[in-house]
file data_31.pdb (PDB, C-alpha atoms)
ATOM      1  CA  MET A   1       1.946  18.643  -3.435
ATOM      2  CA  LYS A   2       4.712  20.228  -1.307
ATOM      3  CA  LYS A   3       3.513  18.288   1.738
ATOM      4  CA  ARG A   4       3.469  15.040  -0.276
ATOM      5  CA  LEU A   5       7.048  15.638  -1.449
ATOM      6  CA  LEU A   6       8.153  16.510   2.090
ATOM      7  CA  ALA A   7       6.620  13.344   3.509
ATOM      8  CA  LEU A   8       8.192  11.194   0.809
ATOM      9  CA  CYS A   9      11.583  12.846   1.318
ATOM     10  CA  MET A  10      11.430  12.215   5.074
ATOM     11  CA  THR A  11      10.519   8.603   4.403
ATOM     12  CA  LEU A  12      13.316   8.073   1.914
ATOM     13  CA  MET A  13      15.872   9.631   4.254
ATOM     14  CA  MET A  14      14.793   7.368   7.075
ATOM     15  CA  VAL A  15      14.889   4.273   4.847
ATOM     16  CA  ALA A  16      18.313   5.157   3.474
ATOM     17  CA  GLY A  17      19.725   5.969   6.896
ATOM     18  CA  LEU A  18      18.580   2.750   8.522
ATOM     19  CA  ALA A  19      19.585   0.640   5.533
ATOM     20  CA  ILE A  20      23.158   1.914   5.885
ATOM     21  CA  GLY A  21      23.122   1.260   9.632
ATOM     22  CA  CYS A  22      21.812  -2.270   9.195
ATOM     23  CA  SER A  23      24.627  -3.143   6.823
ATOM     24  CA  SER A  24      27.098  -2.962   9.714
ATOM     25  CA  PRO A  25      26.738  -5.393  12.622
ATOM     26  CA  ASP A  26      28.794  -3.086  14.844
ATOM     27  CA  LYS A  27      26.406  -0.169  14.353
ATOM     28  CA  SER A  28      23.302  -2.294  14.891
ATOM     29  CA  THR A  29      24.505  -3.196  18.388
ATOM     30  CA  ASP A  30      25.450   0.354  19.395
ATOM     31  CA  SER A  31      24.983   0.597  23.157
ATOM     32  CA  LYS A  32      24.724   4.389  23.445
ATOM     33  CA  GLU A  33      21.790   5.401  25.600
ATOM     34  CA  GLU A  34      20.430   7.770  22.948
ATOM     35  CA  ASN A  35      19.991   4.864  20.564
ATOM     36  CA  LYS A  36      17.910   2.982  23.122
ATOM     37  CA  LYS A  37      15.360   5.719  23.735
ATOM     38  CA  ALA A  38      11.929   5.431  22.159
ATOM     39  CA  PRO A  39      10.469   8.417  20.274
ATOM     40  CA  VAL A  40       8.662  10.639  22.785
ATOM     41  CA  SER A  41       7.136  13.477  20.730
ATOM     42  CA  SER A  42       3.403  13.076  20.180
ATOM     43  CA  SER A  43       3.797  14.667  16.753
ATOM     44  CA  GLN A  44       6.172  11.972  15.516
ATOM     45  CA  ILE A  45       5.287   8.372  14.726
ATOM     46  CA  TYR A  46       7.928   5.844  13.682
ATOM     47  CA  PHE A  47       7.350   2.656  11.682
ATOM     48  CA  ASN A  48      10.148   0.147  11.190
ATOM     49  CA  GLY A  49      10.275  -3.314   9.636
ATOM     50  CA  SER A  50       8.755  -5.186   6.709
ATOM     51  CA  SER A  51       9.735  -3.932   3.257
ATOM     52  CA  THR A  52       6.465  -5.396   1.954
ATOM     53  CA  LEU A  53       4.341  -3.301   4.301
ATOM     54  CA  ALA A  54       6.511  -0.160   4.185
ATOM     55  CA  PRO A  55       5.144   1.215   0.855
ATOM     56  CA  VAL A  56       1.567   0.757   2.097
ATOM     57  CA  ILE A  57       2.197   2.726   5.302
ATOM     58  CA  THR A  58       4.209   5.325   3.374
ATOM     59  CA  THR A  59       1.332   5.934   0.964
ATOM     60  CA  ILE A  60      -1.260   6.208   3.739
ATOM     61  CA  ALA A  61       1.028   8.506   5.755
ATOM     62  CA  THR A  62       1.677  10.737   2.754
ATOM     63  CA  ASN A  63      -2.055  11.076   2.083
ATOM     64  CA  PHE A  64      -2.703  11.741   5.784
ATOM     65  CA  ASN A  65      -0.014  14.426   5.932
ATOM     66  CA  GLU A  66      -1.196  16.027   2.704
ATOM     67  CA  GLU A  67      -4.765  16.223   3.978
ATOM     68  CA  HIS A  68      -4.024  17.583   7.454
ATOM     69  CA  GLY A  69      -0.471  18.947   7.696
ATOM     70  CA  THR A  70      -0.616  19.567  11.457
ATOM     71  CA  TRP A  71      -2.124  17.469  14.237
ATOM     72  CA  ASP A  72      -4.650  20.108  15.310
ATOM     73  CA  LYS A  73      -6.248  19.778  11.857
ATOM     74  CA  VAL A  74      -6.885  16.108  12.656
ATOM     75  CA  ASP A  75      -8.465  16.949  16.014
ATOM     76  CA  SER A  76      -8.617  20.347  17.710
ATOM     77  CA  LYS A  77      -7.461  18.833  20.998
ATOM     78  CA  PHE A  78      -4.161  17.766  19.401
ATOM     79  CA  PRO A  79      -1.116  20.126  19.404
ATOM     80  CA  GLU A  80      -0.495  22.552  16.562
ATOM     81  CA  GLU A  81       2.567  20.626  15.435
ATOM     82  CA  ALA A  82       3.567  19.270  12.028
ATOM     83  CA  ILE A  83       2.640  15.648  11.412
ATOM     84  CA  SER A  84       5.872  13.661  11.131
ATOM     85  CA  ILE A  85       5.499  10.003  10.193
ATOM     86  CA  TYR A  86       8.708   8.110   9.432
ATOM     87  CA  VAL A  87       8.804   4.746   7.669
ATOM     88  CA  ALA A  88      11.955   2.595   7.569
ATOM     89  CA  ALA A  89      12.181  -0.763   5.780
ATOM     90  CA  GLY A  90      14.555  -3.392   7.098
ATOM     91  CA  GLY A  91      12.608  -6.633   7.453
ATOM     92  CA  SER A  92      10.035  -8.069   9.847
ATOM     93  CA  GLY A  93      12.710  -9.152  12.327
ATOM     94  CA  GLN A  94      14.012  -5.620  12.513
ATOM     95  CA  GLY A  95      10.465  -4.414  13.161
ATOM     96  CA  THR A  96       9.978  -6.612  16.219
ATOM     97  CA  LYS A  97      13.514  -5.902  17.456
ATOM     98  CA  ALA A  98      12.919  -2.155  17.243
ATOM     99  CA  ILE A  99       9.755  -2.520  19.336
ATOM    100  CA  ILE A 100      11.604  -4.646  21.904
ATOM    101  CA  ASP A 101      14.461  -2.111  22.025
ATOM    102  CA  GLY A 102      12.019   0.794  22.296
ATOM    103  CA  THR A 103      13.381   2.587  19.215
ATOM    104  CA  THR A 104      10.195   2.689  17.140
ATOM    105  CA  THR A 105       6.501   3.342  17.680
ATOM    106  CA  PHE A 106       5.250   0.449  15.570
ATOM    107  CA  GLY A 107       6.967  -2.556  14.044
ATOM    108  CA  MET A 108       5.834  -3.635  10.571
ATOM    109  CA  VAL A 109       5.697  -7.438  10.415
ATOM    110  CA  ALA A 110       4.749  -9.559   7.394
ATOM    111  CA  ARG A 111       4.423 -12.842   9.266
ATOM    112  CA  GLU A 112       3.019 -14.078  12.553
ATOM    113  CA  VAL A 113       4.701 -12.634  15.625
ATOM    114  CA  LYS A 114       6.766 -15.330  17.338
ATOM    115  CA  ASP A 115       5.955 -16.401  20.893
ATOM    116  CA  GLU A 116       9.352 -15.267  22.148
ATOM    117  CA  GLU A 117       8.834 -11.859  20.539
ATOM    118  CA  LYS A 118       5.431 -11.500  22.172
ATOM    119  CA  LYS A 119       6.972 -12.256  25.555
ATOM    120  CA  ALA A 120       9.742  -9.705  25.001
ATOM    121  CA  ILE A 121       7.384  -6.881  23.962
ATOM    122  CA  LYS A 122       5.773  -5.194  26.960
ATOM    123  CA  ASP A 123       1.970  -5.228  26.635
ATOM    124  CA  GLU A 124       2.200  -6.343  22.981
ATOM    125  CA  LYS A 125      -0.517  -5.089  20.657
ATOM    126  CA  GLU A 126      -1.203  -6.293  17.100
ATOM    127  CA  TYR A 127      -3.135  -4.495  14.374
ATOM    128  CA  GLN A 128      -3.761  -6.489  11.186
ATOM    129  CA  VAL A 129      -3.536  -4.253   8.132
ATOM    130  CA  GLY A 130      -4.118  -6.904   5.476
ATOM    131  CA  ILE A 131      -3.271 -10.340   4.137
ATOM    132  CA  ASP A 132      -0.493 -11.271   1.746
ATOM    133  CA  ALA A 133       0.706 -14.519   0.189
ATOM    134  CA  LEU A 134       3.883 -15.751  -1.467
ATOM    135  CA  THR A 135       3.433 -16.705  -5.112
ATOM    136  CA  LEU A 136       5.751 -18.883  -7.184
ATOM    137  CA  ALA A 137       6.873 -16.568  -9.961
ATOM    138  CA  VAL A 138       9.002 -16.947 -13.091
ATOM    139  CA  ASN A 139       9.986 -14.788 -16.024
ATOM    140  CA  PRO A 140       7.231 -14.828 -18.712
ATOM    141  CA  GLU A 141       9.856 -15.917 -21.272
ATOM    142  CA  ASN A 142      10.833 -18.963 -19.254
ATOM    143  CA  PRO A 143      10.016 -22.062 -21.359
ATOM    144  CA  VAL A 144       8.336 -23.624 -18.310
ATOM    145  CA  THR A 145       5.348 -21.309 -18.864
ATOM    146  CA  GLY A 146       4.518 -23.172 -22.082
ATOM    147  CA  VAL A 147       4.676 -26.574 -20.416
ATOM    148  CA  LEU A 148       3.472 -26.196 -16.819
ATOM    149  CA  ASP A 149       1.154 -23.796 -15.018
ATOM    150  CA  ASN A 150       1.415 -25.641 -11.707
ATOM    151  CA  LEU A 151       4.137 -26.857  -9.353
ATOM    152  CA  THR A 152       3.603 -29.434  -6.630
ATOM    153  CA  LYS A 153       5.011 -28.822  -3.169
ATOM    154  CA  ASP A 154       7.514 -31.634  -3.763
ATOM    155  CA  GLN A 155       8.708 -30.044  -7.012
ATOM    156  CA  ILE A 156       9.114 -26.667  -5.308
ATOM    157  CA  VAL A 157      11.221 -28.243  -2.543
ATOM    158  CA  LYS A 158      13.451 -29.946  -5.119
ATOM    159  CA  ILE A 159      13.874 -26.692  -7.062
ATOM    160  CA  PHE A 160      14.656 -24.498  -4.065
ATOM    161  CA  SER A 161      16.882 -27.073  -2.339
ATOM    162  CA  GLY A 162      19.001 -27.441  -5.467
ATOM    163  CA  GLU A 163      18.094 -31.089  -6.054
ATOM    164  CA  PHE A 164      16.720 -29.983  -9.440
ATOM    165  CA  LYS A 165      19.662 -28.111 -10.917
ATOM    166  CA  THR A 166      18.320 -27.445 -14.427
ATOM    167  CA  TRP A 167      14.848 -26.870 -15.844
ATOM    168  CA  LYS A 168      15.215 -30.171 -17.700
ATOM    169  CA  ASP A 169      15.308 -31.919 -14.307
ATOM    170  CA  LEU A 170      11.797 -30.587 -13.707
ATOM    171  CA  ASP A 171      10.441 -31.670 -17.095
ATOM    172  CA  ALA A 172      12.264 -33.539 -19.851
ATOM    173  CA  SER A 173      10.863 -31.201 -22.505
ATOM    174  CA  LEU A 174      12.530 -28.149 -20.939
ATOM    175  CA  PRO A 175      16.075 -26.946 -21.759
ATOM    176  CA  ALA A 176      19.061 -27.979 -19.641
ATOM    177  CA  GLU A 177      19.469 -24.401 -18.407
ATOM    178  CA  LYS A 178      20.467 -23.802 -14.786
ATOM    179  CA  ILE A 179      17.595 -22.909 -12.464
ATOM    180  CA  VAL A 180      18.351 -19.555 -10.827
ATOM    181  CA  VAL A 181      16.710 -19.553  -7.393
ATOM    182  CA  ILE A 182      15.795 -16.146  -5.945
ATOM    183  CA  THR A 183      14.765 -15.723  -2.298
ATOM    184  CA  ARG A 184      14.422 -12.918   0.215
ATOM    185  CA  ASP A 185      17.207 -12.816   2.792
ATOM    186  CA  ILE A 186      17.192 -16.146   4.602
ATOM    187  CA  SER A 187      16.821 -14.513   8.040
ATOM    188  CA  GLY A 188      13.809 -12.429   6.971
ATOM    189  CA  GLY A 189      10.086 -12.833   7.604
ATOM    190  CA  ALA A 190       9.132 -13.793   4.040
ATOM    191  CA  HIS A 191      11.626 -16.623   4.006
ATOM    192  CA  GLU A 192      10.422 -17.847   7.393
ATOM    193  CA  VAL A 193       6.913 -18.154   5.935
ATOM    194  CA  PHE A 194       8.237 -19.987   2.850
ATOM    195  CA  GLN A 195      10.393 -22.291   4.985
ATOM    196  CA  LYS A 196       7.510 -23.162   7.308
ATOM    197  CA  ASN A 197       4.833 -23.674   4.645
ATOM    198  CA  ILE A 198       6.876 -25.286   1.865
ATOM    199  CA  MET A 199      10.437 -26.336   2.735
ATOM    200  CA  GLY A 200       9.897 -27.776   6.203
ATOM    201  CA  ASP A 201      13.180 -29.278   7.422
ATOM    202  CA  THR A 202      14.859 -28.971   3.997
ATOM    203  CA  ASP A 203      17.253 -26.054   3.551
ATOM    204  CA  VAL A 204      17.244 -23.757   0.551
ATOM    205  CA  THR A 205      20.299 -24.180  -1.669
ATOM    206  CA  SER A 206      23.354 -22.136  -0.705
ATOM    207  CA  GLU A 207      23.475 -20.959  -4.333
ATOM    208  CA  ALA A 208      20.180 -19.066  -3.994
ATOM    209  CA  ILE A 209      20.408 -15.348  -4.691
ATOM    210  CA  GLN A 210      19.071 -13.412  -1.705
ATOM    211  CA  ALA A 211      17.233 -10.171  -2.496
ATOM    212  CA  PRO A 212      17.140  -7.393   0.146
ATOM    213  CA  THR A 213      13.528  -6.429  -0.638
ATOM    214  CA  MET A 214      10.501  -8.035  -2.267
ATOM    215  CA  GLY A 215      10.672  -5.473  -5.053
ATOM    216  CA  GLY A 216      14.299  -6.433  -5.603
ATOM    217  CA  LEU A 217      13.347 -10.115  -5.751
ATOM    218  CA  VAL A 218      10.797  -9.430  -8.488
ATOM    219  CA  GLU A 219      13.301  -7.321 -10.427
ATOM    220  CA  LYS A 220      15.755 -10.219 -10.427
ATOM    221  CA  ILE A 221      13.061 -12.507 -11.869
ATOM    222  CA  ILE A 222      12.251  -9.911 -14.528
ATOM    223  CA  ASP A 223      15.949  -9.637 -15.410
ATOM    224  CA  ASN A 224      16.643 -13.383 -15.672
ATOM    225  CA  LYS A 225      14.822 -15.669 -18.085
ATOM    226  CA  TYR A 226      15.615 -18.782 -16.057
ATOM    227  CA  ALA A 227      14.919 -17.455 -12.550
ATOM    228  CA  ILE A 228      12.229 -18.523 -10.088
ATOM    229  CA  GLY A 229      11.339 -16.965  -6.761
ATOM    230  CA  TYR A 230       8.543 -16.465  -4.255
ATOM    231  CA  ALA A 231       7.019 -13.073  -4.984
ATOM    232  CA  SER A 232       4.640 -11.339  -2.606
ATOM    233  CA  TYR A 233       1.043 -11.523  -3.854
ATOM    234  CA  GLY A 234       0.772  -7.743  -3.627
ATOM    235  CA  VAL A 235       4.076  -7.062  -5.390
ATOM    236  CA  ALA A 236       3.219  -9.680  -8.032
ATOM    237  CA  ASN A 237      -0.055  -7.829  -8.684
ATOM    238  CA  GLN A 238       1.877  -4.581  -8.990
ATOM    239  CA  ASN A 239       4.056  -6.216 -11.676
ATOM    240  CA  GLY A 240       1.323  -7.901 -13.709
ATOM    241  CA  GLY A 241       2.597  -8.983 -17.109
ATOM    242  CA  LYS A 242       6.239  -8.689 -16.065
ATOM    243  CA  ILE A 243       6.251 -12.004 -14.189
ATOM    244  CA  LYS A 244       4.275 -15.229 -14.516
ATOM    245  CA  VAL A 245       2.696 -16.750 -11.405
ATOM    246  CA  LEU A 246       2.328 -20.534 -11.176
ATOM    247  CA  LYS A 247      -0.251 -22.512  -9.194
ATOM    248  CA  VAL A 248       0.856 -24.444  -6.114
ATOM    249  CA  ASP A 249      -0.541 -27.985  -5.786
ATOM    250  CA  GLY A 250      -3.161 -27.029  -8.358
ATOM    251  CA  VAL A 251      -4.387 -23.991  -6.388
ATOM    252  CA  GLU A 252      -4.209 -20.512  -7.880
ATOM    253  CA  ALA A 253      -3.008 -17.617  -5.725
ATOM    254  CA  ASN A 254      -6.133 -15.451  -5.820
ATOM    255  CA  GLU A 255      -8.099 -13.591  -3.166
ATOM    256  CA  ALA A 256     -10.747 -16.279  -2.687
ATOM    257  CA  ASN A 257      -8.222 -19.107  -2.312
ATOM    258  CA  ILE A 258      -6.043 -17.086   0.052
ATOM    259  CA  LEU A 259      -8.988 -16.100   2.238
ATOM    260  CA  ASP A 260     -10.368 -19.647   2.519
ATOM    261  CA  GLY A 261      -6.911 -21.065   3.251
ATOM    262  CA  SER A 262      -6.717 -23.398   0.254
ATOM    263  CA  TYR A 263      -3.666 -21.472  -1.001
ATOM    264  CA  ILE A 264      -1.132 -22.508   1.607
ATOM    265  CA  ILE A 265       1.633 -19.874   1.407
ATOM    266  CA  GLN A 266      -0.017 -16.881   3.032
ATOM    267  CA  ARG A 267       0.864 -14.425   5.789
ATOM    268  CA  PRO A 268      -0.658 -11.566   7.795
ATOM    269  CA  LEU A 269       0.472  -7.950   7.404
ATOM    270  CA  LEU A 270       0.727  -6.585  10.936
ATOM    271  CA  LEU A 271       1.596  -3.460  12.861
ATOM    272  CA  VAL A 272       2.969  -4.335  16.293
ATOM    273  CA  GLY A 273       3.004  -1.894  19.197
ATOM    274  CA  SER A 274       3.835  -1.826  22.892
ATOM    275  CA  GLY A 275       1.161  -0.615  25.248
ATOM    276  CA  LYS A 276      -1.843   1.604  24.584
ATOM    277  CA  ALA A 277      -1.509   3.917  21.592
ATOM    278  CA  THR A 278      -1.538   7.678  22.245
ATOM    279  CA  ASP A 279      -4.482   9.659  20.918
ATOM    280  CA  GLU A 280      -2.452  10.857  17.920
ATOM    281  CA  GLN A 281      -1.171   7.360  17.171
ATOM    282  CA  GLN A 282      -4.680   5.963  17.439
ATOM    283  CA  ALA A 283      -5.982   8.631  15.073
ATOM    284  CA  PHE A 284      -3.522   7.480  12.425
ATOM    285  CA  LEU A 285      -4.181   3.793  13.151
ATOM    286  CA  ASP A 286      -7.892   4.463  12.650
ATOM    287  CA  VAL A 287      -7.088   5.738   9.158
ATOM    288  CA  VAL A 288      -4.825   2.759   8.363
ATOM    289  CA  LEU A 289      -7.456   0.267   9.508
ATOM    290  CA  GLY A 290     -10.413   2.254   8.193
ATOM    291  CA  GLU A 291     -11.935   2.651   4.752
ATOM    292  CA  GLU A 292      -9.264   5.011   3.409
ATOM    293  CA  GLY A 293      -6.283   2.933   4.504
ATOM    294  CA  GLN A 294      -7.850  -0.344   3.467
ATOM    295  CA  ALA A 295      -8.476   1.117   0.019
ATOM    296  CA  VAL A 296      -4.714   1.722  -0.261
ATOM    297  CA  VAL A 297      -4.038  -1.870   0.835
ATOM    298  CA  LYS A 298      -6.282  -3.104  -1.992
ATOM    299  CA  GLU A 299      -4.881  -0.644  -4.546
ATOM    300  CA  MET A 300      -1.373  -1.919  -3.811
ATOM    301  CA  GLY A 301      -2.393  -5.478  -4.598
ATOM    302  CA  PHE A 302      -2.882  -6.924  -1.113
ATOM    303  CA  ILE A 303      -6.051  -8.250   0.515
ATOM    304  CA  PRO A 304      -7.674  -5.733   2.885
ATOM    305  CA  MET A 305      -9.335  -6.676   6.159
ATOM    306  CA  LYS A 306     -12.545  -4.844   5.181
TER     307      LYS A 306
END
call {"tool": "encode", "arguments": {"input": "data_31.pdb", "output": "structure tokens"}}
result
Amino acid sequence: MKKRLLALCMTLMMVAGLAIGCSSPDKSTDSKEENKKAPVSSSQIYFNGSSTLAPVITTIATNFNEEHGTWDKVDSKFPEEAISIYVAAGGSGQGTKAIIDGTTTFGMVAREVKDEEKKAIKDEKEYQVGIDALTLAVNPENPVTGVLDNLTKDQIVKIFSGEFKTWKDLDASLPAEKIVVITRDISGGAHEVFQKNIMGDTDVTSEAIQAPTMGGLVEKIIDNKYAIGYASYGVANQNGGKIKVLKVDGVEANEANILDGSYIIQRPLLLVGSGKATDEQQAFLDVVLGEEGQAVVKEMGFIPMK
């Protein structure tokens, strides 16, 4: 229990520290040499990036630390040093940037890695942890739930672009209450997936409320009867009963439809590295990608690779 609390405390401190740093553009471009150095200790592994993937890696890391404590308990050839795994959430873009800058061991990315990012990362490696999707979610008390269980792609574009300003614009039987659009931050990975798969060349309304995390997005839907947003499939599963998920073009967001591609708003959950993993890093990756880690992926509502 003490090891679990220690691991969680380390994680929370890292998340809080980086969140503060990311709020200031000046700090994020700090040119000091110490900020450009990658972690070098074999006993420390750093993860930075997607807020969707961060809780999954945190849980697996906490279990790993609780079971072993020191690296020599994982493998006798490893050093007798405490296992230190740090997880910082700041978005998929931050994850790839940290890998490019050499300030993290692995970037957490909840979208496909862009071609320009692949070129910028020396000897880029990708490890797929699971599959996620973006669901169209509303508050269960929203009157739309009694009228519609499905939105067409065209309707979604009109809602999120602001062309439909009230729920009555969507359906004449609904009240003339303003539609409150909730998105992730527009520069983030989740929004890039939504923009590519749904919006195309149409911009999201400037009145959209941007949530800093997927959990925050869901909370805003829970708190507002007339809100709509794109909730991660995994986070939506974690909040069953608190939000209502609508079909998209008649297709339900379920595991079968996501896996066969018929549900169109889906994305990979990736860990991105640079070069060959060290033995200690590979040992932890084996757990993440193995039966134990994949069980955590499933428990947290996402689709595992195995």
call {"tool": "resolve_selection", "arguments": {"input": "data_31.pdb", "expression": "the PyMOL selection byres ((chain A and resi 284-291) around 12)", "output": "PyMOL selection string"}}
result
chain A and resi 42-47+53+56-65+67-68+71+74-75+83-85+105-106+126-130+269-273+276-283+292-298+304-306
call {"tool": "write_last_selection", "arguments": {"input": "data_31.pdb", "atoms": "C-alpha atoms", "output": "short mmCIF file (atom, residue, chain, number, x, y, z; two decimals), in the frame of the given file"}}
result
data_model
loop_
_atom_site.label_atom_id
_atom_site.label_comp_id
_atom_site.auth_asym_id
_atom_site.auth_seq_id
_atom_site.Cartn_x
_atom_site.Cartn_y
_atom_site.Cartn_z
CA SER A 42 3.40 13.08 20.18
CA SER A 43 3.80 14.67 16.75
CA GLN A 44 6.17 11.97 15.52
CA ILE A 45 5.29 8.37 14.73
CA TYR A 46 7.93 5.84 13.68
CA PHE A 47 7.35 2.66 11.68
CA LEU A 53 4.34 -3.30 4.30
CA VAL A 56 1.57 0.76 2.10
CA ILE A 57 2.20 2.73 5.30
CA THR A 58 4.21 5.32 3.37
CA THR A 59 1.33 5.93 0.96
CA ILE A 60 -1.26 6.21 3.74
CA ALA A 61 1.03 8.51 5.76
CA THR A 62 1.68 10.74 2.75
CA ASN A 63 -2.06 11.08 2.08
CA PHE A 64 -2.70 11.74 5.78
CA ASN A 65 -0.01 14.43 5.93
CA GLU A 67 -4.76 16.22 3.98
CA HIS A 68 -4.02 17.58 7.45
CA TRP A 71 -2.12 17.47 14.24
CA VAL A 74 -6.88 16.11 12.66
CA ASP A 75 -8.46 16.95 16.01
CA ILE A 83 2.64 15.65 11.41
CA SER A 84 5.87 13.66 11.13
CA ILE A 85 5.50 10.00 10.19
CA THR A 105 6.50 3.34 17.68
CA PHE A 106 5.25 0.45 15.57
CA GLU A 126 -1.20 -6.29 17.10
CA TYR A 127 -3.14 -4.50 14.37
CA GLN A 128 -3.76 -6.49 11.19
CA VAL A 129 -3.54 -4.25 8.13
CA GLY A 130 -4.12 -6.90 5.48
CA LEU A 269 0.47 -7.95 7.40
CA LEU A 270 0.73 -6.58 10.94
CA LEU A 271 1.60 -3.46 12.86
CA VAL A 272 2.97 -4.34 16.29
CA GLY A 273 3.00 -1.89 19.20
CA LYS A 276 -1.84 1.60 24.58
CA ALA A 277 -1.51 3.92 21.59
CA THR A 278 -1.54 7.68 22.24
CA ASP A 279 -4.48 9.66 20.92
CA GLU A 280 -2.45 10.86 17.92
CA GLN A 281 -1.17 7.36 17.17
CA GLN A 282 -4.68 5.96 17.44
CA ALA A 283 -5.98 8.63 15.07
CA GLU A 292 -9.26 5.01 3.41
CA GLY A 293 -6.28 2.93 4.50
CA GLN A 294 -7.85 -0.34 3.47
CA ALA A 295 -8.48 1.12 0.02
CA VAL A 296 -4.71 1.72 -0.26
CA VAL A 297 -4.04 -1.87 0.84
CA LYS A 298 -6.28 -3.10 -1.99
CA PRO A 304 -7.67 -5.73 2.88
CA MET A 305 -9.34 -6.68 6.16
CA LYS A 306 -12.54 -4.84 5.18
#
call {"tool": "resolve_selection", "arguments": {"input": "data_31.pdb", "expression": "the PyMOL selection byres ((chain A and resi 230-239) around 6)", "output": "number ranges by chain"}}
result
A: 132-137, 229, 240, 242, 301-302
call {"tool": "closest_residue", "arguments": {"input": "data_31.pdb", "among": "A:Val245, A:Ile159, A:Ile186, A:Val138", "to": "Ala227 of chain A", "atoms": "all atoms listed in the file"}}
result
A:Val138
call {"tool": "closest_residue", "arguments": {"input": "data_31.pdb", "among": "A:Val181, A:Val157, A:Ala190, A:Val251", "to": "Lys225 of chain A", "atoms": "only C-alpha atoms"}}
result
A:Val181
call {"tool": "atom_distance", "arguments": {"input": "data_31.pdb", "atom1": "atom CA of Lys220 of chain A", "atom2": "atom CA of Arg267 of chain A"}}
result
22.4 Å
call {"tool": "closest_residue", "arguments": {"input": "data_31.pdb", "among": "A:Ser76, A:Ser161, A:Thr104, A:Asn254", "to": "Thr202 of chain A", "atoms": "all atoms listed in the file"}}
result
A:Ser161
call {"tool": "residues_around", "arguments": {"input": "data_31.pdb", "residues": "Asn48 of chain A", "least_positions_apart": "2", "cutoff": "10 Å", "atoms": "all atoms listed in the file", "output": "VMD selection string"}}
result
chain A and resid 14 to 15 18 46 50 to 51 53 to 54 86 to 99 103 to 109 271 to 272
